[in-house]
>>> print(open('work.cif').read())   # mmCIF, C-alpha atoms
data_structure
loop_
_atom_site.label_atom_id
_atom_site.label_comp_id
_atom_site.auth_asym_id
_atom_site.auth_seq_id
_atom_site.Cartn_x
_atom_site.Cartn_y
_atom_site.Cartn_z
CA MET D 10 0.00 0.00 0.00
CA THR D 11 1.38 3.39 -0.89
CA ALA D 12 0.82 6.57 1.04
CA ALA D 13 -1.27 9.17 -0.69
CA THR D 14 0.92 11.91 -2.12
CA THR D 15 -0.26 15.45 -2.30
CA GLN D 16 0.78 17.64 -5.19
CA PRO D 17 2.52 20.86 -4.15
CA THR D 18 0.28 23.85 -4.65
CA PHE D 19 1.13 26.74 -6.94
CA HIS D 20 2.25 28.78 -3.94
CA ASP D 21 4.36 25.92 -2.54
CA GLN D 22 6.14 25.70 -5.88
CA ILE D 23 6.90 29.42 -5.86
CA ILE D 24 8.40 29.22 -2.36
CA ALA D 25 10.46 26.17 -3.30
CA ILE D 26 11.99 27.83 -6.35
CA LEU D 27 12.89 31.13 -4.65
CA PRO D 28 16.56 30.24 -3.96
CA LYS D 29 17.08 29.38 -7.64
CA LEU D 30 15.30 32.54 -8.76
CA ARG D 31 17.59 34.54 -6.54
CA ILE D 32 20.67 33.02 -8.20
CA GLN D 33 19.24 33.62 -11.67
CA ALA D 34 18.43 37.22 -10.72
CA LEU D 35 21.94 37.83 -9.39
CA ALA D 36 23.42 36.30 -12.55
CA LEU D 37 21.34 38.68 -14.66
CA THR D 38 21.63 41.89 -12.64
CA ARG D 39 25.13 41.48 -11.08
CA ASN D 40 23.79 43.44 -8.12
CA ARG D 41 22.41 42.04 -4.85
CA ALA D 42 19.79 44.73 -4.22
CA ALA D 43 18.61 44.70 -7.84
CA ALA D 44 18.42 40.90 -7.71
CA GLU D 45 16.18 40.98 -4.63
CA ASP D 46 13.89 43.51 -6.33
CA LEU D 47 13.80 41.43 -9.49
CA VAL D 48 12.78 38.29 -7.59
CA GLN D 49 10.01 40.19 -5.82
CA ASP D 50 8.76 41.66 -9.12
CA ALA D 51 8.82 38.24 -10.78
CA VAL D 52 6.86 36.70 -7.91
CA CYS D 53 4.24 39.47 -8.19
CA ASN D 54 3.98 38.83 -11.94
CA ALA D 55 3.64 35.09 -11.37
CA LEU D 56 0.92 35.56 -8.75
CA SER D 57 -1.01 37.82 -11.13
CA ALA D 58 -0.62 35.35 -13.99
CA GLN D 59 -1.21 32.14 -12.05
CA GLN D 60 -4.38 31.39 -14.04
CA SER D 61 -2.25 31.08 -17.17
CA PHE D 62 -0.07 28.35 -15.68
CA ILE D 63 -1.20 24.90 -16.75
CA PRO D 64 -0.79 22.44 -13.83
CA GLY D 65 1.44 19.52 -14.69
CA THR D 66 3.58 21.54 -17.09
CA ASN D 67 7.12 22.69 -16.34
CA PHE D 68 6.72 25.12 -13.44
CA PRO D 69 10.45 25.99 -13.03
CA ALA D 70 10.75 26.87 -16.73
CA TRP D 71 7.59 29.01 -16.51
CA MET D 72 8.90 30.84 -13.45
CA HIS D 73 12.43 31.37 -14.81
CA ARG D 74 10.92 32.79 -18.01
CA ILE D 75 8.80 35.25 -16.03
CA LEU D 76 11.86 36.48 -14.14
CA ARG D 77 13.86 36.78 -17.36
CA ASN D 78 11.10 38.70 -19.13
CA ARG D 79 10.80 41.03 -16.17
CA PHE D 80 14.55 41.64 -16.26
CA ILE D 81 14.39 42.51 -19.97
CA SER D 82 11.39 44.76 -19.41
CA ASN D 83 13.19 46.56 -16.53
CA LEU D 84 16.25 47.03 -18.73
CA ARG D 85 14.14 48.82 -21.30
CA LYS D 86 12.73 51.10 -18.63
CA ARG D 87 15.96 52.12 -17.00
CA ARG D 88 19.64 51.95 -17.65
CA ASP D 89 21.46 48.91 -16.34
CA THR D 90 22.86 49.65 -12.89
CA THR D 91 26.23 48.00 -13.13
CA ASP D 92 28.16 47.45 -9.97
CA ILE D 93 31.12 45.32 -10.80
CA ASP D 94 32.33 45.43 -7.20
CA ASP D 95 29.20 43.78 -5.94
CA VAL D 96 30.83 40.41 -5.47
CA PRO D 97 28.99 38.05 -3.09
CA SER D 98 30.39 38.39 0.42
CA SER D 99 31.05 34.63 0.57
CA VAL D 100 34.05 35.23 -1.67
CA PHE D 101 35.71 37.23 1.08
CA ALA D 102 34.33 35.31 4.04
CA THR D 103 35.85 32.01 2.94
CA GLU D 104 38.69 30.55 4.95
CA ALA D 105 40.36 29.38 1.77
CA PRO D 106 44.04 30.17 1.29
CA HIS D 107 44.94 33.61 -0.02
CA GLU D 108 45.60 32.44 -3.60
CA ASP D 109 42.25 30.58 -3.72
CA ARG D 110 40.39 33.68 -2.51
CA LEU D 111 42.19 35.79 -5.05
CA ALA D 112 41.26 33.47 -7.90
CA LEU D 113 37.64 33.32 -6.68
CA LYS D 114 37.46 37.09 -6.56
CA GLU D 115 38.92 37.26 -10.05
CA LEU D 116 36.33 34.73 -11.23
CA ALA D 117 33.51 36.77 -9.68
CA ARG D 118 34.77 39.87 -11.48
CA ALA D 119 35.19 38.02 -14.77
CA MET D 120 31.60 36.77 -14.45
CA THR D 121 30.34 40.35 -14.31
CA ARG D 122 32.02 41.04 -17.65
CA LEU D 123 30.23 38.25 -19.51
CA PRO D 124 27.11 39.15 -21.50
CA SER D 125 24.06 38.63 -19.26
CA ASP D 126 22.61 35.80 -21.39
CA GLN D 127 25.88 33.85 -21.19
CA ARG D 128 26.27 34.47 -17.45
CA GLU D 129 22.70 33.35 -16.81
CA ALA D 130 23.12 30.22 -18.96
CA LEU D 131 26.38 29.22 -17.28
CA VAL D 132 24.99 29.65 -13.77
CA MET D 133 21.78 27.76 -14.53
CA VAL D 134 23.66 24.81 -16.00
CA VAL D 135 26.64 24.70 -13.63
CA VAL D 136 25.10 25.85 -10.33
CA HIS D 137 21.49 24.63 -10.79
CA GLY D 138 22.53 21.52 -12.69
CA MET D 139 19.96 22.33 -15.36
CA SER D 140 19.97 20.39 -18.65
CA TYR D 141 20.44 22.25 -21.94
CA GLU D 142 16.85 21.36 -22.84
CA ALA D 143 15.52 22.84 -19.58
CA LEU D 144 17.73 25.90 -20.03
CA ALA D 145 16.35 26.40 -23.54
CA GLU D 146 12.78 26.14 -22.23
CA SER D 147 13.51 28.49 -19.32
CA THR D 148 15.11 31.15 -21.47
CA GLY D 149 12.96 30.79 -24.58
CA CYS D 150 15.70 29.83 -27.00
CA ALA D 151 16.75 26.84 -29.10
CA VAL D 152 18.73 24.03 -27.44
CA GLY D 153 21.66 24.80 -29.74
CA THR D 154 21.65 28.42 -28.62
CA ALA D 155 21.59 27.35 -24.97
CA LYS D 156 24.58 25.05 -25.51
CA SER D 157 26.44 27.72 -27.40
CA ARG D 158 25.91 30.31 -24.65
CA VAL D 159 27.32 27.97 -21.99
CA PHE D 160 30.25 26.94 -24.20
CA ARG D 161 31.16 30.53 -25.06
CA ALA D 162 30.91 31.61 -21.42
CA ARG D 163 33.25 28.82 -20.30
CA ARG D 164 35.84 29.49 -22.97
CA GLN D 165 35.69 33.25 -22.47
CA LEU D 166 36.31 32.87 -18.74
CA GLU D 167 39.13 30.46 -19.44
CA SER D 168 40.69 32.91 -21.83
CA TRP D 169 40.41 35.76 -19.33
CA LEU D 170 41.57 33.79 -16.30
CA LEU D 171 44.20 31.50 -17.77
CA GLY D 172 45.06 33.25 -20.99
CA GLU D 173 47.85 35.69 -21.62
CA THR D 174 45.62 38.72 -21.68
CA LYS D 175 46.24 42.04 -20.03
CA GLU D 176 42.89 42.01 -18.24
CA THR D 177 43.94 39.47 -15.64
CA THR D 178 46.70 40.08 -13.18
CA LYS D 179 49.64 37.71 -13.32
CA THR D 180 49.09 36.62 -9.71
CA ALA D 181 45.43 35.81 -10.25
CA ARG D 182 46.27 33.89 -13.43
CA GLN D 183 48.83 31.82 -11.56
CA ALA D 184 46.37 31.22 -8.72
CA ALA D 185 43.59 30.12 -11.09
CA SER D 186 46.01 27.88 -12.98
CA LEU D 187 47.28 26.33 -9.76
CA LEU D 188 43.75 25.75 -8.49
CA ALA D 189 42.67 24.18 -11.77
CA ARG D 190 45.60 21.77 -11.52
CA ARG D 191 44.82 21.03 -7.88
CA VAL D 192 41.15 20.30 -8.62
CA ALA D 193 42.16 18.05 -11.53
CA GLU D 194 44.64 16.16 -9.34
CA GLY D 195 42.01 15.68 -6.65
CA GLU D 196 39.49 14.51 -9.23
CA ALA D 197 42.02 12.16 -10.81
CA ALA D 198 42.76 10.62 -7.41
CA GLU D 199 39.03 10.09 -6.76
CA ASN D 200 38.18 8.81 -10.26
CA PRO D 201 41.40 7.30 -11.65
CA ARG D 202 39.58 5.54 -14.52
CA ASN D 203 38.48 8.87 -16.01
CA TYR D 204 42.07 9.98 -16.21
CA ALA D 205 43.74 6.75 -17.35
CA MET R 5 74.06 4.32 -28.43
CA PRO R 6 70.35 5.21 -28.21
CA LYS R 7 69.50 8.25 -26.23
CA VAL R 8 67.70 7.60 -22.97
CA LYS R 9 64.97 10.08 -22.28
CA ASP R 10 65.48 11.86 -19.01
CA PRO R 11 62.10 12.05 -17.26
CA ALA R 12 63.26 15.09 -15.33
CA ALA R 13 63.74 16.91 -18.62
CA THR R 14 60.11 16.36 -19.62
CA PRO R 15 58.10 19.53 -19.16
CA ALA R 16 55.50 19.17 -16.42
CA SER R 17 52.91 21.14 -18.33
CA PRO R 18 51.95 21.37 -22.00
CA VAL R 19 53.60 23.89 -24.29
CA PRO R 20 52.54 27.39 -23.20
CA GLY R 21 49.78 28.80 -25.35
CA LYS R 22 48.64 25.38 -26.50
CA LYS R 23 45.60 24.41 -24.48
CA SER R 24 45.02 20.70 -24.09
CA ARG R 25 41.75 18.99 -23.35
CA LYS R 26 43.11 18.20 -19.90
CA THR R 27 43.62 21.90 -19.26
CA GLU R 28 40.07 22.62 -20.39
CA ALA R 29 38.71 19.81 -18.23
CA ALA R 30 40.72 21.01 -15.23
CA PHE R 31 39.52 24.55 -15.77
CA ASP R 32 35.89 23.41 -16.07
CA LEU R 33 36.20 21.52 -12.76
CA TRP R 34 37.70 24.55 -11.08
CA LEU R 35 35.01 26.77 -12.60
CA GLN R 36 32.26 24.50 -11.29
CA LYS R 37 33.71 24.63 -7.78
CA GLY R 38 34.24 28.39 -7.99
CA LEU R 39 30.71 29.14 -9.17
CA HIS R 40 29.26 26.99 -6.38
CA ASP R 41 31.44 28.85 -3.86
CA ILE R 42 30.14 32.17 -5.18
CA TYR R 43 26.45 31.43 -5.68
CA ASP R 44 25.52 28.70 -3.18
CA SER R 45 25.63 31.05 -0.23
CA VAL R 46 23.19 33.35 -2.05
CA ALA R 47 20.72 30.48 -2.38
CA ARG R 48 21.08 29.62 1.32
CA GLU R 49 20.21 33.11 2.55
CA PRO R 50 16.82 33.31 4.30
CA ILE R 51 13.87 34.42 2.20
CA PRO R 52 12.77 37.94 3.20
CA ASP R 53 9.64 37.86 5.39
CA GLU R 54 8.02 40.49 3.20
CA LEU R 55 8.19 38.20 0.18
CA LEU R 56 6.88 35.17 2.06
CA LYS R 57 4.03 37.29 3.43
CA LEU R 58 3.14 38.38 -0.09
CA ILE R 59 2.89 34.76 -1.25
CA GLU R 60 0.96 33.60 1.82
CA GLU R 61 -1.55 36.45 1.51
CA ASP R 62 -2.19 35.52 -2.10
CA ARG R 63 -2.63 31.87 -1.08
CA LYS R 64 -5.44 32.83 1.34
CA ARG R 65 -7.44 34.60 -1.35
#
>>> encode(input="work.cif", output="structure tokens")
Amino acid sequence: MTAATTQPTFHDQIIAILPKLRIQALALTRNRAAAEDLVQDAVCNALSAQQSFIPGTNFPAWMHRILRNRFISNLRKRRDTTDIDDVPSSVFATEAPHEDRLALKELARAMTRLPSDQREALVMVVVHGMSYEALAESTGCAVGTAKSRVFRARRQLESWLLGETKETTKTARQAASLLARRVAEGEAAENPRNYA
Amino acid sequence: MPKVKDPAATPASPVPGKKSRKTEAAFDLWLQKGLHDIYDSVAREPIPDELLKLIEEDRKR
């Protein structure tokens, strides 16, 4: 005998997705305060439009699209408030060694320089673990476009952080390179077959 | 007499400027860890009461 399962309500689903919306909003706006406002606006829009949501369809994709559309609509209304120093405080609060912190700070800064659609795509795939198909549905683009955005974001960051460009300081480049090697060594030790 | 390759003379890393797949894979692993370090704490922050209140009030309607 199986226990009766209750479907989460519309409102339960909104509450459950809030942490992910917050990350998407920060990826789009690059600013903590603007991200909080964007999440609130998106929730208001979703509550107003709840009759248009078809139960049983992809709620996360519906909600991520609302937030994205709201971001685009806000951009049209006012100029983008860029604050490239608005790096999450966790970057500085970490007890990681100095070189790790430096590389993380450099990564956070490099992220702010990516185009917003690439930054959003990278975060949703890497941090949320979203598939390319789900990303495409959530951002209203073709699967190929979604893949391309993530690929270009990765390679652009690699070029900035490991490449011989003037934008990155030598120390940060060395730190990022060292960390990449360290992560690979750790991974190789855990999964030797992948690296044989 | 054939030359014996000195392992110590082998460069530890690939030729500079030539990115190997291993480098890309290592960078991607580091990037994944870095992005989690940056964004996970944002997701863990408590939801503002004001926002929860807004949702709960709508639920009661």
>>> atom_distance(input="work.cif", atom1="CA of Leu84 (chain D)", atom2="CA of Asp41 (chain R)")
28.0 Å
>>> resolve_selection(input="work.cif", expression="the PyMOL selection byres ((chain D and resi 36-47) around 6)", output="list in words")
Gln33, Ala34, Leu35, Val48, Gln49, Asp50, Asp95, Ser125, Arg128 and Glu129 of chain D
>>> resolve_selection(input="work.cif", expression="the PyMOL selection byres ((chain R) within 6 of (chain D))", output="list in words")
Ala30, Phe31, Trp34, His40 and Ala47 of chain R
>>> atom_distance(input="work.cif", atom1="CA of Gln36 (chain R)", atom2="CA of Gly138 (chain D)")
10.3 Å
>>> atom_distance(input="work.cif", atom1="CA of Pro69 (chain D)", atom2="CA of Gln22 (chain D)")
8.4 Å
>>> resolve_selection(input="work.cif", expression="the PyMOL selection byres ((chain D and resi 141) around 9)", output="PyMOL selection string")
chain D and resi 130+134+139-140+142-146+152-153+155-156+159
>>> axis_aligned_box(input="work.cif", around="region 30-43 of chain R", padding_each_side="6 Å", output="JSON")
{"center_x": 33.6, "center_y": 26.6, "center_z": -10.0, "size_x": 26.3, "size_y": 23.2, "size_z": 24.2}
>>> closest_residue(input="work.cif", among="D:Gln165, D:Asn78, D:Thr15, D:Thr66", to="Ala119 (chain D)", atoms="only C-alpha atoms")
D:Gln165
